[in-house]
Amino acid sequence: MISFNLRCAKDHVFEAWFQNSAAFEEQVARKSVACPSCGSKKVEKSIMAPRIARGGSGKSDDISPEKMQTMLVKLRETVEENCDYVGGEFPEEARKIHYGEAEHRNIYGEASENDVEELTEEGIEFGRIPWVPTTDS
């Protein structure tokens, strides 16, 4: 089984479980997946942080620092490949997307602690990830 964070056409984010990636694609194509908040059947995968565990123990402390670094670099590369960089305009772009003033797209950038608090208070869903360098330089 695999869990995906999904986002509907109205920007609701929810979690759903599937037998595998192919099952997810098939069910979305058949419009069998619906948002639990609004019922929209137009859904797509949303960016999500990996659940990190090894050896079936379910403990995240089983991961070596080197492995964690590798995983975070891969996460960064995935974000950079699949999202638009908006820099310091992140809070405003997130608001525009949330309120329907701009077309939905995946974005990433920077936000101050104050911006993070305001976005959270407005009910705008976003994720914070540790941003690691892609090289040792």
# chains A, B, ... in the order shown; residues from 1 in each chain; ligands from 1
call {"tool": "select_by_dssp", "arguments": {"residues": "stretch 21-102 of chain A", "states": "alpha helix (DSSP H)", "output": "count of residues only"}}
result
36
call {"tool": "residues_around", "arguments": {"residues": "A:Arg128", "least_positions_apart": "5", "cutoff": "12 Å", "atoms": "only C-alpha atoms", "output": "PyMOL selection string"}}
result
chain A and resi 47-49+75-76+79+90+107-113+116+120
call {"tool": "residues_around", "arguments": {"residues": "A:Leu119", "least_positions_apart": "6", "cutoff": "10 Å", "atoms": "only C-alpha atoms", "output": "PyMOL selection string"}}
result
chain A and resi 91-92+94-95+111+113+125-126
call {"tool": "residues_around", "arguments": {"residues": "A:Ala16", "least_positions_apart": "4", "cutoff": "7 Å", "atoms": "only C-alpha atoms", "output": "tab-separated table (two decimals) with N, CA and C atoms, in the first residue's frame"}}
result
chain	number	residue	atom	x	y	z
A	3	SER	N	0.60	5.69	0.33
A	3	SER	CA	-0.21	6.85	0.69
A	3	SER	C	0.25	8.05	-0.13
A	4	PHE	N	-0.72	8.79	-0.69
A	4	PHE	CA	-0.41	10.01	-1.42
A	4	PHE	C	-1.17	11.17	-0.79
A	5	ASN	N	-0.52	12.33	-0.74
A	5	ASN	CA	-1.24	13.57	-0.45
A	5	ASN	C	-1.81	14.02	-1.78
call {"tool": "atom_distance", "arguments": {"atom1": "atom CA of A:Asn82", "atom2": "atom CA of A:Asn106"}}
result
7.1 Å
call {"tool": "select_by_dssp", "arguments": {"residues": "chain A", "states": "strand (DSSP E or B)", "output": "short mmCIF file (atom, residue, chain, number, x, y, z; two decimals) with C-alpha atoms, in the first residue's frame"}}
result
data_model
loop_
_atom_site.label_atom_id
_atom_site.label_comp_id
_atom_site.auth_asym_id
_atom_site.auth_seq_id
_atom_site.Cartn_x
_atom_site.Cartn_y
_atom_site.Cartn_z
CA ILE A 2 1.09 3.57 -0.68
CA SER A 3 -0.21 6.85 0.69
CA PHE A 4 -0.41 10.01 -1.42
CA ASN A 5 -1.24 13.57 -0.45
CA LEU A 6 -3.76 14.72 -3.02
CA ARG A 7 -5.09 18.16 -3.94
CA CYS A 8 -8.46 18.82 -5.52
CA VAL A 13 -5.38 18.66 0.43
CA PHE A 14 -6.18 15.16 1.67
CA GLU A 15 -4.49 11.81 2.08
CA ALA A 16 -5.54 8.63 0.26
CA TRP A 17 -4.16 5.08 0.17
CA PHE A 18 -3.70 2.97 -2.95
CA VAL A 43 -7.47 15.55 -8.14
CA GLU A 44 -3.72 15.44 -8.50
CA LYS A 45 -0.79 14.41 -6.36
CA ASP A 84 7.92 27.11 -9.93
CA TYR A 85 10.42 29.11 -7.87
CA VAL A 86 8.82 32.39 -6.74
CA GLY A 87 11.47 33.48 -4.23
CA ILE A 107 5.37 26.79 -6.12
CA TYR A 108 8.26 27.13 -3.71
CA GLY A 109 10.18 30.04 -2.27
#
call {"tool": "atom_distance", "arguments": {"atom1": "atom CA of A:Glu117", "atom2": "atom CA of A:Lys96"}}
result
16.8 Å
call {"tool": "atom_distance", "arguments": {"atom1": "atom CA of A:Glu66", "atom2": "atom CA of A:Trp131"}}
result
15.3 Å
call {"tool": "residues_around", "arguments": {"residues": "A:His104", "least_positions_apart": "2", "cutoff": "10 Å", "atoms": "only C-alpha atoms", "output": "list in words"}}
result
Ala9, Lys10, Asp11, Glu93, Ala94, Lys96, Ile97, His98, Tyr99, Gly100, Glu101, Ala102, Asn106 and Ile107 of chain A
call {"tool": "closest_residue", "arguments": {"among": "A:Glu118, A:His12, A:Ile63, A:Thr78", "to": "A:Pro36", "atoms": "only C-alpha atoms"}}
result
A:His12
call {"tool": "closest_residue", "arguments": {"among": "A:Val73, A:Val28, A:Val33, A:Cys83", "to": "A:Val132", "atoms": "only C-alpha atoms"}}
result
A:Val73
